[in-house]
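Student: upload.cif is reproduced in full below (mmCIF, C-alpha atoms).
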```
data_target
#
loop_
_atom_site.label_atom_id
_atom_site.label_comp_id
_atom_site.auth_asym_id
_atom_site.auth_seq_id
_atom_site.Cartn_x
_atom_site.Cartn_y
_atom_site.Cartn_z
CA MET R 4 100.02 -49.28 66.01
CA LYS R 5 97.24 -48.70 63.51
CA PHE R 6 94.07 -50.77 63.55
CA PRO R 7 93.97 -53.81 61.28
CA ASP R 8 91.56 -53.42 58.39
CA PHE R 9 87.92 -54.32 58.94
CA SER R 10 84.51 -53.85 57.39
CA TYR R 11 82.28 -51.43 59.22
CA ALA R 12 78.54 -51.18 59.77
CA ARG R 13 76.58 -48.61 61.71
CA PRO R 14 73.05 -49.96 62.21
CA ALA R 15 70.31 -47.74 63.60
CA THR R 16 68.31 -50.46 65.34
CA ILE R 17 68.94 -53.46 67.58
CA SER R 18 67.40 -55.88 65.11
CA GLU R 19 69.64 -54.65 62.31
CA ALA R 20 72.67 -55.08 64.57
CA ILE R 21 71.65 -58.64 65.45
CA LYS R 22 71.18 -59.45 61.79
CA LEU R 23 74.72 -58.24 61.09
CA LEU R 24 76.18 -60.17 64.03
CA SER R 25 74.43 -63.49 63.54
CA GLY R 26 75.93 -66.07 61.26
CA ASN R 27 79.23 -64.18 61.18
CA ASP R 28 81.90 -65.53 63.53
CA ASP R 29 84.17 -62.71 62.51
CA ALA R 30 81.83 -59.89 63.53
CA ARG R 31 82.16 -57.99 66.79
CA PRO R 32 79.93 -55.29 68.25
CA LEU R 33 81.74 -52.01 68.91
CA ALA R 34 80.50 -50.17 72.00
CA GLY R 35 82.72 -47.41 73.40
CA GLY R 36 85.85 -48.96 71.94
CA GLN R 37 87.99 -48.34 75.02
CA SER R 38 88.99 -52.01 75.30
CA LEU R 39 88.34 -53.46 71.84
CA LEU R 40 90.19 -50.73 69.94
CA PRO R 41 93.40 -51.03 72.01
CA MET R 42 93.20 -54.80 71.58
CA MET R 43 92.94 -54.26 67.83
CA ALA R 44 95.88 -51.84 67.85
CA LEU R 45 97.88 -54.49 69.69
CA ARG R 46 96.69 -57.18 67.23
CA MET R 47 95.12 -59.14 70.08
CA ALA R 48 91.86 -58.86 68.14
CA SER R 49 91.20 -58.36 64.45
CA PRO R 50 87.52 -58.73 63.73
CA GLY R 51 86.50 -58.81 60.08
CA LEU R 52 83.38 -56.75 60.72
CA LEU R 53 82.79 -54.13 63.39
CA VAL R 54 79.14 -53.45 64.12
CA ASP R 55 79.18 -49.97 65.66
CA LEU R 56 76.31 -49.61 68.15
CA GLY R 57 76.78 -45.85 68.48
CA LEU R 58 73.71 -44.84 66.48
CA ILE R 59 71.24 -47.13 68.26
CA GLU R 60 69.50 -44.61 70.48
CA GLU R 61 67.49 -47.06 72.56
CA LEU R 62 70.72 -48.60 73.86
CA ALA R 63 71.82 -45.30 75.39
CA VAL R 64 68.92 -44.74 77.80
CA ILE R 65 68.70 -44.90 81.60
CA ALA R 66 65.16 -45.87 82.66
CA ASP R 67 64.30 -45.04 86.27
CA GLY R 68 61.60 -47.73 86.42
CA ASP R 69 59.35 -48.88 89.25
CA ALA R 70 60.91 -52.29 89.78
CA THR R 71 64.47 -51.71 88.60
CA LEU R 72 66.91 -49.13 87.39
CA ARG R 73 67.56 -50.11 83.79
CA ILE R 74 70.75 -48.92 82.15
CA GLY R 75 71.16 -49.31 78.41
CA ALA R 76 74.29 -51.11 77.29
CA MET R 77 75.61 -48.02 75.45
CA VAL R 78 75.24 -45.58 78.33
CA THR R 79 78.72 -44.18 78.96
CA HIS R 80 80.43 -44.43 82.35
CA ASP R 81 80.40 -40.64 82.50
CA THR R 82 76.63 -40.47 81.98
CA THR R 83 76.09 -43.19 84.57
CA ALA R 84 78.34 -41.42 87.06
CA ARG R 85 76.42 -38.16 86.61
CA SER R 86 72.96 -39.74 86.73
CA GLU R 87 70.79 -38.66 89.64
CA ALA R 88 68.81 -41.92 89.40
CA VAL R 89 72.00 -43.96 89.66
CA ALA R 90 73.18 -41.95 92.67
CA ARG R 91 69.84 -42.52 94.37
CA ARG R 92 69.19 -46.17 93.50
CA THR R 93 72.59 -47.76 92.96
CA PRO R 94 75.14 -45.69 94.90
CA LEU R 95 77.52 -48.68 94.80
CA LEU R 96 77.71 -48.37 91.01
CA ARG R 97 78.57 -44.70 91.35
CA GLN R 98 81.26 -45.41 93.96
CA ALA R 99 82.89 -48.06 91.81
CA LEU R 100 82.82 -45.94 88.66
CA HIS R 101 85.23 -43.58 90.29
CA HIS R 102 87.83 -46.35 89.97
CA VAL R 103 87.16 -47.07 86.30
CA ALA R 104 90.03 -45.73 84.18
CA HIS R 105 90.25 -41.96 83.64
CA GLN R 106 87.72 -39.31 82.69
CA ALA R 107 88.62 -39.37 78.99
CA VAL R 108 88.03 -43.13 78.91
CA ARG R 109 84.83 -42.88 80.98
CA ASN R 110 83.52 -40.38 78.44
CA ARG R 111 83.54 -43.09 75.74
CA GLY R 112 83.50 -46.38 77.65
CA THR R 113 80.10 -47.95 78.27
CA LEU R 114 78.54 -50.15 80.93
CA GLY R 115 77.53 -52.80 78.39
CA GLY R 116 80.95 -52.77 76.78
CA SER R 117 82.69 -53.26 80.10
CA LEU R 118 80.38 -56.10 81.14
CA ALA R 119 80.56 -57.87 77.78
CA ASN R 120 84.35 -57.52 77.79
CA ALA R 121 84.37 -59.28 81.19
CA ASP R 122 87.92 -58.44 82.19
CA GLY R 123 88.62 -60.21 85.48
CA SER R 124 90.15 -57.01 86.87
CA ALA R 125 87.35 -54.65 85.85
CA GLU R 126 85.01 -53.02 88.35
CA MET R 127 81.66 -53.21 86.57
CA PRO R 128 81.36 -57.02 86.63
CA VAL R 129 81.90 -56.99 90.40
CA VAL R 130 79.19 -54.37 90.85
CA ALA R 131 76.79 -56.24 88.58
CA VAL R 132 77.22 -59.47 90.58
CA ALA R 133 77.01 -57.66 93.92
CA LEU R 134 73.76 -55.91 93.00
CA ASP R 135 72.16 -59.03 91.46
CA ALA R 136 71.91 -57.27 88.11
CA VAL R 137 70.06 -58.98 85.30
CA MET R 138 71.42 -58.78 81.76
CA THR R 139 69.12 -58.71 78.77
CA LEU R 140 70.51 -60.52 75.74
CA GLN R 141 68.81 -60.09 72.40
CA GLY R 142 69.59 -62.47 69.58
CA PRO R 143 68.23 -64.09 66.43
CA ASP R 144 66.10 -66.39 68.59
CA GLY R 145 64.62 -63.65 70.72
CA VAL R 146 65.25 -62.16 74.11
CA ARG R 147 66.59 -63.87 77.22
CA ARG R 148 67.53 -62.59 80.61
CA ILE R 149 70.42 -63.87 82.66
CA ARG R 150 71.66 -63.11 86.16
CA ALA R 151 75.05 -61.48 86.52
CA ASP R 152 76.53 -64.38 88.49
CA GLU R 153 75.75 -66.72 85.58
CA PHE R 154 76.78 -64.19 82.94
CA PHE R 155 80.51 -64.11 83.81
CA GLN R 156 82.18 -67.37 82.86
CA GLY R 157 85.86 -66.49 82.93
CA HIS R 158 88.38 -63.93 81.79
CA TYR R 159 86.89 -62.26 78.67
CA THR R 160 84.20 -64.95 78.59
CA THR R 161 80.48 -64.43 79.09
CA ALA R 162 77.16 -66.15 78.45
CA ILE R 163 76.56 -64.02 75.35
CA GLY R 164 75.77 -66.48 72.58
CA GLU R 165 76.25 -66.48 68.83
CA GLY R 166 74.64 -63.42 67.27
CA GLU R 167 73.47 -62.08 70.63
CA LEU R 168 73.79 -58.55 71.89
CA LEU R 169 73.77 -57.33 75.49
CA THR R 170 71.13 -54.61 75.29
CA CYS R 171 70.45 -53.45 78.84
CA ILE R 172 71.16 -54.18 82.47
CA ASP R 173 68.53 -54.12 85.22
CA PHE R 174 69.56 -53.27 88.75
CA PRO R 175 66.96 -54.20 91.36
CA ASP R 176 66.73 -51.92 94.39
CA SER R 177 68.93 -53.12 97.23
CA ALA R 178 67.99 -52.83 100.91
CA ARG R 179 71.64 -53.22 101.84
CA SER R 180 74.08 -50.46 102.56
CA TRP R 181 77.11 -50.91 100.26
CA ALA R 182 80.76 -50.03 100.18
CA PHE R 183 83.32 -50.52 97.42
CA GLU R 184 87.05 -50.74 98.10
CA GLU R 185 89.89 -51.19 95.65
CA VAL R 186 93.65 -51.14 95.45
CA SER R 187 95.41 -50.42 92.17
CA ARG R 188 98.99 -49.41 91.45
CA ARG R 189 97.93 -45.98 90.24
CA PRO R 190 94.48 -44.33 90.17
CA GLY R 191 92.62 -45.52 87.09
CA ASP R 192 94.67 -48.69 86.65
CA PHE R 193 93.00 -52.06 86.76
CA ALA R 194 92.44 -53.32 90.28
CA LEU R 195 94.89 -55.63 91.99
CA ALA R 196 91.98 -56.50 94.21
CA MET R 197 88.56 -55.01 94.92
CA VAL R 198 85.61 -55.76 97.15
CA ALA R 199 81.95 -54.84 97.18
CA ALA R 200 80.36 -55.41 100.57
CA GLY R 201 76.71 -54.89 101.42
CA LEU R 202 74.77 -55.46 104.62
CA GLN R 203 71.98 -54.28 106.84
CA ILE R 204 72.26 -53.49 110.52
CA ALA R 205 69.25 -54.15 112.76
CA ASN R 206 69.43 -53.70 116.54
CA GLY R 207 73.18 -53.48 116.23
CA LYS R 208 73.42 -56.84 114.50
CA CYS R 209 74.55 -57.57 110.98
CA LEU R 210 71.95 -59.03 108.63
CA ASN R 211 71.72 -60.10 105.02
CA ALA R 212 75.39 -59.51 104.23
CA SER R 213 76.78 -59.90 100.72
CA LEU R 214 80.40 -59.98 99.67
CA VAL R 215 81.85 -59.98 96.17
CA ILE R 216 85.58 -59.98 95.45
CA GLY R 217 87.16 -59.02 92.13
CA GLY R 218 90.58 -58.83 90.57
CA VAL R 219 91.82 -61.99 92.29
CA SER R 220 90.38 -64.49 89.82
CA ASP R 221 89.05 -64.70 86.29
CA ARG R 222 85.61 -63.47 87.36
CA PRO R 223 83.84 -61.89 90.34
CA ILE R 224 83.66 -64.21 93.33
CA ARG R 225 80.70 -64.10 95.66
CA SER R 226 81.40 -65.56 99.07
CA GLU R 227 78.22 -66.85 100.66
CA SER R 228 79.97 -68.59 103.54
CA ALA R 229 81.75 -65.38 104.53
CA ALA R 230 78.46 -63.49 104.34
CA ALA R 231 76.75 -66.17 106.43
CA VAL R 232 79.28 -65.95 109.25
CA LEU R 233 78.32 -62.31 109.72
CA ASP R 234 74.67 -63.06 110.21
CA GLY R 235 73.37 -61.89 113.58
CA ARG R 236 76.82 -60.78 114.75
CA THR R 237 77.88 -57.37 115.96
CA LEU R 238 80.15 -56.07 113.24
CA ASP R 239 83.61 -55.15 114.44
CA ARG R 240 87.14 -55.57 113.15
CA ALA R 241 87.51 -59.09 114.59
CA VAL R 242 84.29 -60.32 113.02
CA ALA R 243 85.12 -58.67 109.69
CA THR R 244 88.57 -60.27 109.76
CA GLU R 245 87.00 -63.66 110.36
CA ALA R 246 84.74 -63.13 107.34
CA ALA R 247 87.73 -62.03 105.25
CA GLN R 248 89.59 -65.19 106.13
CA ILE R 249 86.65 -67.34 105.06
CA ALA R 250 86.06 -65.29 101.91
CA LEU R 251 89.55 -65.99 100.54
CA ASP R 252 89.71 -69.56 101.78
CA GLY R 253 90.01 -71.95 98.85
CA VAL R 254 90.06 -69.20 96.22
CA ARG R 255 92.73 -69.80 93.60
CA VAL R 256 94.16 -66.29 93.57
CA ARG R 257 96.05 -65.39 90.44
CA SER R 258 99.58 -64.10 90.16
CA ASP R 259 100.85 -61.69 87.56
CA ILE R 260 103.56 -59.10 87.10
CA HIS R 261 101.62 -56.58 89.20
CA ALA R 262 101.03 -58.74 92.27
CA ASP R 263 101.66 -62.33 93.23
CA ALA R 264 98.98 -64.52 94.73
CA ARG R 265 100.10 -64.10 98.33
CA PHE R 266 100.14 -60.31 98.12
CA ARG R 267 96.80 -60.24 96.30
CA THR R 268 95.26 -62.48 98.93
CA GLU R 269 96.41 -60.19 101.74
CA LEU R 270 95.16 -57.14 99.85
CA ALA R 271 91.79 -58.74 99.29
CA LYS R 272 91.42 -59.70 102.94
CA ASN R 273 92.22 -56.17 104.04
CA LEU R 274 89.76 -54.77 101.53
CA VAL R 275 87.04 -57.12 102.78
CA VAL R 276 87.56 -55.80 106.31
CA ARG R 277 87.58 -52.19 105.15
CA ALA R 278 84.51 -52.59 102.95
CA LEU R 279 82.51 -54.42 105.61
CA LEU R 280 83.30 -51.85 108.28
CA ARG R 281 82.46 -48.98 105.95
CA ALA R 282 79.23 -50.63 104.80
CA GLY R 283 78.36 -51.08 108.46
CA GLY R 284 78.87 -47.39 109.09
CA ALA R 285 82.10 -47.68 111.04
CA ASN R 286 84.90 -45.25 110.35
CA ASP R 287 87.60 -47.77 109.61
CA MET H 16 87.67 -52.96 52.01
CA THR H 17 90.45 -50.85 50.52
CA ASP H 18 91.30 -47.39 51.66
CA GLN H 19 90.09 -45.83 48.43
CA GLU H 20 86.83 -47.68 47.99
CA GLY H 21 85.75 -47.97 51.58
CA GLN H 22 86.11 -44.37 52.68
CA LEU H 23 83.19 -42.69 54.35
CA PRO H 24 82.41 -38.97 54.50
CA VAL H 25 82.90 -37.35 57.90
CA ARG H 26 81.42 -33.93 58.64
CA VAL H 27 82.39 -32.21 61.86
CA THR H 28 82.46 -28.80 63.48
CA LEU H 29 86.14 -28.27 64.02
CA ASN H 30 87.14 -25.44 66.34
CA GLY H 31 83.90 -23.67 65.49
CA GLN H 32 84.15 -24.12 61.71
CA PRO H 33 82.54 -26.77 59.54
CA ALA H 34 85.01 -29.27 58.14
CA SER H 35 84.70 -32.50 56.19
CA PHE H 36 86.95 -35.26 55.00
CA LEU H 37 86.89 -38.86 53.83
CA ALA H 38 88.17 -41.62 56.07
CA ALA H 39 88.44 -45.39 55.95
CA PRO H 40 86.77 -47.01 58.97
CA ARG H 41 90.13 -48.22 60.29
CA THR H 42 91.49 -44.66 60.49
CA SER H 43 91.60 -43.34 64.04
CA LEU H 44 90.37 -39.84 64.71
CA SER H 45 93.88 -38.90 65.82
CA ASP H 46 95.37 -40.01 62.50
CA ALA H 47 92.63 -38.24 60.56
CA LEU H 48 93.14 -34.95 62.39
CA ARG H 49 96.89 -35.05 61.90
CA ASP H 50 97.15 -36.48 58.39
CA LYS H 51 93.99 -35.31 56.66
CA LEU H 52 93.38 -31.98 58.39
CA ARG H 53 97.06 -31.28 59.22
CA LEU H 54 96.25 -30.45 62.83
CA THR H 55 99.53 -31.67 64.24
CA GLY H 56 99.13 -30.06 67.66
CA LEU H 57 97.61 -33.38 68.64
CA LYS H 58 100.42 -35.81 69.47
CA GLN H 59 100.23 -39.56 69.30
CA GLY H 60 102.20 -41.37 71.96
CA CYS H 61 101.05 -44.90 72.65
CA GLU H 62 98.01 -45.17 70.32
CA ILE H 63 96.40 -47.59 72.78
CA GLY H 64 94.74 -45.11 75.09
CA VAL H 65 97.29 -45.12 77.88
CA CYS H 66 99.32 -41.91 77.59
CA GLY H 67 96.65 -39.26 77.02
CA SER H 68 98.72 -37.13 74.68
CA CYS H 69 96.09 -37.33 71.91
CA THR H 70 93.32 -36.00 74.17
CA ILE H 71 90.90 -33.63 72.41
CA LEU H 72 87.38 -32.44 73.20
CA VAL H 73 84.44 -34.03 71.42
CA ASP H 74 81.09 -32.43 72.27
CA ASP H 75 82.84 -30.68 75.18
CA LYS H 76 84.23 -33.86 76.71
CA PRO H 77 87.87 -34.95 76.71
CA ILE H 78 88.38 -38.19 74.82
CA ARG H 79 91.32 -40.23 73.53
CA ALA H 80 91.44 -39.47 69.80
CA CYS H 81 93.41 -42.69 69.24
CA LEU H 82 90.49 -44.72 70.66
CA MET H 83 87.82 -43.26 68.45
CA LEU H 84 87.36 -44.04 64.79
CA ALA H 85 87.38 -40.98 62.56
CA VAL H 86 84.04 -42.09 61.11
CA GLN H 87 82.55 -42.00 64.60
CA ALA H 88 83.20 -38.27 64.76
CA ASP H 89 80.60 -37.59 62.07
CA GLY H 90 78.24 -34.87 63.28
CA LYS H 91 80.31 -34.07 66.36
CA ARG H 92 81.84 -30.87 67.65
CA ILE H 93 85.62 -31.16 67.94
CA GLU H 94 88.01 -28.84 69.73
CA THR H 95 91.76 -29.18 69.31
CA ILE H 96 94.63 -27.14 70.69
CA GLU H 97 94.70 -25.13 67.44
CA GLY H 98 91.33 -23.61 68.35
CA LEU H 99 92.42 -22.03 71.61
CA ALA H 100 94.52 -19.01 70.68
CA THR H 101 92.66 -15.99 69.33
CA ASN H 102 94.33 -13.62 66.86
CA GLY H 103 97.69 -15.07 67.65
CA GLU H 104 97.26 -14.52 71.37
CA LEU H 105 97.51 -17.51 73.67
CA HIS H 106 94.42 -18.64 75.53
CA PRO H 107 94.82 -17.67 79.22
CA LEU H 108 95.18 -21.33 80.14
CA GLN H 109 97.97 -21.73 77.60
CA ALA H 110 99.59 -18.58 78.93
CA SER H 111 99.33 -20.00 82.43
CA PHE H 112 101.10 -23.21 81.36
CA GLN H 113 103.86 -21.04 79.90
CA ARG H 114 104.07 -18.79 82.98
CA HIS H 115 104.28 -21.74 85.39
CA HIS H 116 106.67 -23.78 83.24
CA GLY H 117 103.93 -26.39 82.89
CA LEU H 118 105.71 -27.84 79.87
CA GLN H 119 109.17 -28.76 78.77
CA CYS H 120 109.30 -30.96 75.67
CA GLY H 121 105.67 -30.16 74.87
CA PHE H 122 104.60 -33.59 73.70
CA CYS H 123 101.90 -34.03 76.35
CA THR H 124 100.93 -30.36 76.41
CA SER H 125 98.03 -30.19 73.98
CA GLY H 126 96.39 -33.13 75.75
CA MET H 127 97.09 -31.60 79.14
CA VAL H 128 95.71 -28.18 78.21
CA LEU H 129 92.52 -29.59 76.69
CA THR H 130 91.99 -31.92 79.65
CA ALA H 131 92.46 -28.94 81.98
CA LEU H 132 90.11 -26.79 79.90
CA ALA H 133 87.36 -29.41 80.20
CA LEU H 134 87.95 -29.57 83.95
CA LEU H 135 87.71 -25.79 84.37
CA ARG H 136 84.51 -25.60 82.35
CA ASP H 137 82.99 -28.32 84.53
CA ASN H 138 84.46 -27.13 87.82
CA PRO H 139 85.39 -23.43 87.79
CA ALA H 140 87.59 -23.56 90.90
CA PRO H 141 89.16 -26.99 91.29
CA SER H 142 91.37 -27.84 94.24
CA ARG H 143 94.89 -29.07 93.57
CA ASP H 144 93.68 -32.60 94.26
CA GLU H 145 90.86 -32.25 91.77
CA ALA H 146 93.28 -30.90 89.17
CA ARG H 147 95.64 -33.76 89.91
CA GLU H 148 92.88 -36.29 89.44
CA ALA H 149 91.70 -34.66 86.21
CA ILE H 150 95.12 -35.03 84.60
CA SER H 151 95.79 -38.47 86.09
CA GLY H 152 95.16 -40.05 82.69
CA ASN H 153 97.77 -37.89 80.97
CA LEU H 154 101.43 -38.84 81.20
CA CYS H 155 104.17 -36.21 81.35
CA ARG H 156 107.78 -37.36 81.53
CA CYS H 157 109.30 -33.89 81.96
CA THR H 158 107.65 -31.70 84.53
CA GLY H 159 106.84 -33.94 87.47
CA TYR H 160 103.29 -32.57 87.15
CA GLU H 161 103.51 -29.96 89.93
CA THR H 162 103.96 -27.05 87.54
CA ILE H 163 101.04 -28.32 85.46
CA ILE H 164 98.85 -28.30 88.57
CA ASP H 165 100.13 -24.78 89.31
CA ALA H 166 99.09 -23.70 85.82
CA ILE H 167 95.59 -25.16 86.13
CA VAL H 168 94.73 -23.69 89.54
CA ASP H 169 96.17 -20.29 88.64
CA PRO H 170 93.45 -17.72 89.40
CA ASP H 171 93.89 -15.97 86.04
CA ALA H 172 93.51 -19.23 84.13
CA MET H 173 90.46 -20.23 86.19
CA ARG H 174 88.78 -16.84 85.83
CA ALA H 175 89.49 -16.41 82.14
CA THR H 176 88.20 -19.86 81.31
CA GLN H 177 84.83 -18.86 82.70
CA VAL H 178 84.46 -15.60 80.82
CA GLY H 179 84.38 -15.50 77.10
CA HIS H 180 87.44 -17.48 76.20
CA GLY H 181 85.39 -20.65 76.65
#
```
Represent the supplied structure as structure tokens.

Tutor:
Amino acid sequence: MKFPDFSYARPATISEAIKLLSGNDDARPLAGGQSLLPMMALRMASPGLLVDLGLIEELAVIADGDATLRIGAMVTHDTTARSEAVARRTPLLRQALHHVAHQAVRNRGTLGGSLANADGSAEMPVVAVALDAVMTLQGPDGVRRIRADEFFQGHYTTAIGEGELLTCIDFPDSARSWAFEEVSRRPGDFALAMVAAGLQIANGKCLNASLVIGGVSDRPIRSESAAAVLDGRTLDRAVATEAAQIALDGVRVRSDIHADARFRTELAKNLVVRALLRAGGAND
Amino acid sequence: MTDQEGQLPVRVTLNGQPASFLAAPRTSLSDALRDKLRLTGLKQGCEIGVCGSCTILVDDKPIRACLMLAVQADGKRIETIEGLATNGELHPLQASFQRHHGLQCGFCTSGMVLTALALLRDNPAPSRDEAREAISGNLCRCTGYETIIDAIVDPDAMRATQVGHG
């Protein structure tokens, strides 16, 4: 179907964009358009004003900084996937990007767009939570920074406030070794379940583990109790399975046409085991 | 905003030649190419970014023309299937699709060929698996894909894409 009619603005600066977005409930920022435009074609969204961010150059920059790797909200998935700095500093992000849609979509789709869209089955929110990313939101009242685990508030729901724009995402360096695992019906489809697992191994023992599960709920789920059970243990299949059990315990796993809750739960547990073993250097 | 009043000028380099047209913001690039520039080699299947049949190259990269506004193409370099043949002679990759029976009804073909062209420019000698992954976002309901993979990894198609034919 064709897009519903809308007014269109193409600001050149962040402040102009914020001015256009604030005080207008009916305005939406347009990033890469790979989620919003299909939603408009399907009449699931019909914003009165689209504020196209495509000409704002400062949003499309990767800054290989001292403290963090900063990725502008409008950097495309393709650019991120090809970035040497990303490969070096956030290999998990690179691994996960491989699962994001198809090349033609990655050529337009952006990191900021994917995070702000906050689909519960999308990969980028899981990576952002796993890597303790910090989002910068710029609005009429200034700039604020918010951690990824507070940013995602439900399916398609984030902490972005009225008139605010997600401008960049900071990824702090991680001492952990990470692995990303996902199952989808076909390559490029949304995940039925996915897991990011990170840990360190010292003297053969597991330290500082971190586990984030996606696709099973309306937002990424970090399991601190599962990570804690790994602490000081020698990582093997039995220990990883124990952590997987704990990680899914009490999670209200969703059902849909692609997978019911029981199947999703089993998938997620298996992915936790796989991801932990791979992060720990074992050949599953 | 009505179609007449709200139209914006769009200037592009289309298959190596300058081209310009007016488009309302709501017009997709795929609609603009077909309806305004009469480049009907591009096919529209789903118009929600799922099928891949509207794939074209913008600044050398394959994109879904149905998920880009025509006005966003301003200043960009666009390649469509119409730009591939020279003097009525098929591009070697097109010839390879024909030779390997990489098409039947033809609806997905322009998107397939352009996706494959971008792959070969990026990766001059892809494996079958790499070719398969490259076209994984393009649906074909006729061929079963194997003959398309055959066409992409054909040595003549791979070689010719590197020299001259672009």

Student: Emit as lines of an AutoDock Vina configuration file the padded axis-aligned box for all listed atoms of stretch 126-135 of chain H, 3 Å per side, with centre and edge lengths in Å to one decimal.

Tutor:
```
center_x = 92.2
center_y = -29.5
center_z = 80.1
size_x = 15.7
size_y = 13.3
size_z = 14.6
```

Student: Please determine, counting all atoms listed in the file, which residue among R:Asp173, R:Asp192, R:Asp69, R:Asp221 has the shortest atom-to-atom distance to chain H.

Tutor: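 The shortest atom-to-atom distance to chain H comes from R:Asp192.
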
Student: Can you pull out the residues contacting R:Val256? Cut-off 10 Å, using only C-alpha atoms, and skip same-chain residues under 6 positions away; I want them as a list in words.

Tutor: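 The residues that qualify are Gly218, Val219, Ser220, Asp221, Asp263, Ala264, Arg265, Phe266, Arg267, Thr268 and Ala271 of chain R.
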
Student: Return as a ChimeraX atom specification the residues belonging to chain H that are within 9 Å of chain R, counting all atoms listed in the file.

Tutor: /H:16-17,21,39-43,46,61-64,67,70,76-79,81-84,87,130,148-153

Student: Could you work out how far atom CA of R:Val215 lies from atom CA of R:Arg179, giving the answer in Å with one decimal?

Tutor: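 Here the two named atoms are 13.5 Å from each other.
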
Student: Tell me which protein, DNA and RNA residues are within 8 Å of stretch 94-97 of chain R, counting all atoms listed in the file, leaving out same-chain ones fewer than 5 positions away, and put them as a ChimeraX atom specification.

Tutor: /R:83-84,89,127,130,181-183,199

Student: Which of these, R:Ile249, R:Val242, R:Leu23, R:Val129, has the shortest distance to R:Leu168 once you count all atoms listed in the file?

Tutor: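 Closest residue, counting all atoms listed in the file: R:Leu23.
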
Student: Residues within 12 Å of R:Gly201, please, as a short mmCIF file (atom, residue, chain, number, x, y, z; two decimals) with C-alpha atoms, keeping the file's coordinate frame. Count only C-alpha atoms; anything in the same chain fewer than 6 positions from it doesn't count.

Tutor:
```cif
data_model
loop_
_atom_site.label_atom_id
_atom_site.label_comp_id
_atom_site.auth_asym_id
_atom_site.auth_seq_id
_atom_site.Cartn_x
_atom_site.Cartn_y
_atom_site.Cartn_z
CA THR R 93 72.59 -47.76 92.96
CA PRO R 94 75.14 -45.69 94.90
CA LEU R 95 77.52 -48.68 94.80
CA VAL R 130 79.19 -54.37 90.85
CA VAL R 132 77.22 -59.47 90.58
CA ALA R 133 77.01 -57.66 93.92
CA LEU R 134 73.76 -55.91 93.00
CA ASP R 135 72.16 -59.03 91.46
CA SER R 177 68.93 -53.12 97.23
CA ALA R 178 67.99 -52.83 100.91
CA ARG R 179 71.64 -53.22 101.84
CA SER R 180 74.08 -50.46 102.56
CA TRP R 181 77.11 -50.91 100.26
CA ALA R 182 80.76 -50.03 100.18
CA PHE R 183 83.32 -50.52 97.42
CA GLU R 184 87.05 -50.74 98.10
CA CYS R 209 74.55 -57.57 110.98
CA LEU R 210 71.95 -59.03 108.63
CA ASN R 211 71.72 -60.10 105.02
CA ALA R 212 75.39 -59.51 104.23
CA SER R 213 76.78 -59.90 100.72
CA LEU R 214 80.40 -59.98 99.67
CA VAL R 215 81.85 -59.98 96.17
CA ILE R 216 85.58 -59.98 95.45
CA ARG R 225 80.70 -64.10 95.66
CA SER R 226 81.40 -65.56 99.07
CA ALA R 230 78.46 -63.49 104.34
CA LEU R 233 78.32 -62.31 109.72
CA VAL R 275 87.04 -57.12 102.78
CA VAL R 276 87.56 -55.80 106.31
CA ARG R 277 87.58 -52.19 105.15
CA ALA R 278 84.51 -52.59 102.95
CA LEU R 279 82.51 -54.42 105.61
CA LEU R 280 83.30 -51.85 108.28
CA ARG R 281 82.46 -48.98 105.95
CA ALA R 282 79.23 -50.63 104.80
CA GLY R 283 78.36 -51.08 108.46
CA GLY R 284 78.87 -47.39 109.09
#
```

Student: Return as a PDB file with C-alpha atoms, in the frame of the given file the set of residues that the PyMOL selection byres ((chain R and resi 142) around 8) yields on the displayed structure.

Tutor:
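Full text of out_6.pdb as output:
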```pdb
ATOM      1  CA  ILE R  21      71.650 -58.640  65.450  1.00  0.00           C
ATOM      2  CA  SER R  25      74.430 -63.490  63.540  1.00  0.00           C
ATOM      3  CA  LEU R 140      70.510 -60.520  75.740  1.00  0.00           C
ATOM      4  CA  GLN R 141      68.810 -60.090  72.400  1.00  0.00           C
ATOM      5  CA  PRO R 143      68.230 -64.090  66.430  1.00  0.00           C
ATOM      6  CA  ASP R 144      66.100 -66.390  68.590  1.00  0.00           C
ATOM      7  CA  GLY R 145      64.620 -63.650  70.720  1.00  0.00           C
ATOM      8  CA  VAL R 146      65.250 -62.160  74.110  1.00  0.00           C
ATOM      9  CA  GLY R 164      75.770 -66.480  72.580  1.00  0.00           C
ATOM     10  CA  GLU R 165      76.250 -66.480  68.830  1.00  0.00           C
ATOM     11  CA  GLY R 166      74.640 -63.420  67.270  1.00  0.00           C
ATOM     12  CA  GLU R 167      73.470 -62.080  70.630  1.00  0.00           C
ATOM     13  CA  LEU R 168      73.790 -58.550  71.890  1.00  0.00           C
TER      14      LEU R 168
END
```

Student: Which one is closest to R:Val103: R:Val137, R:Ala125, R:Ile224, R:Ile65? Count all atoms listed in the file.

Tutor: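 Checking each of R:Val137, R:Ala125, R:Ile224, R:Ile65 against R:Val103, counting all atoms listed in the file, the winner is R:Ala125.
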
Student: To verify the selection step, state as a list of chain:residue names which residues the PyMOL selection byres ((chain R and resi 207) around 12) yields on this input.

Tutor: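 In the shown coordinates, the PyMOL selection byres ((chain R and resi 207) around 12) covers R:Leu202, R:Gln203, R:Ile204, R:Ala205, R:Asn206, R:Lys208, R:Cys209, R:Leu210, R:Asp234, R:Gly235, R:Arg236, R:Thr237, R:Leu238, R:Asp239, R:Gly283, R:Gly284, R:Ala285.
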
Student: Which residues match the PyMOL selection byres ((chain H and resi 120-127) around 6) in the file above, as a list in words?

Tutor: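 Residues picked by the PyMOL selection byres ((chain H and resi 120-127) around 6): Ser68, Cys69, Thr70, Ile96, Leu118, Gln119, Val128, Leu129, Thr130 and Cys155 of chain H.
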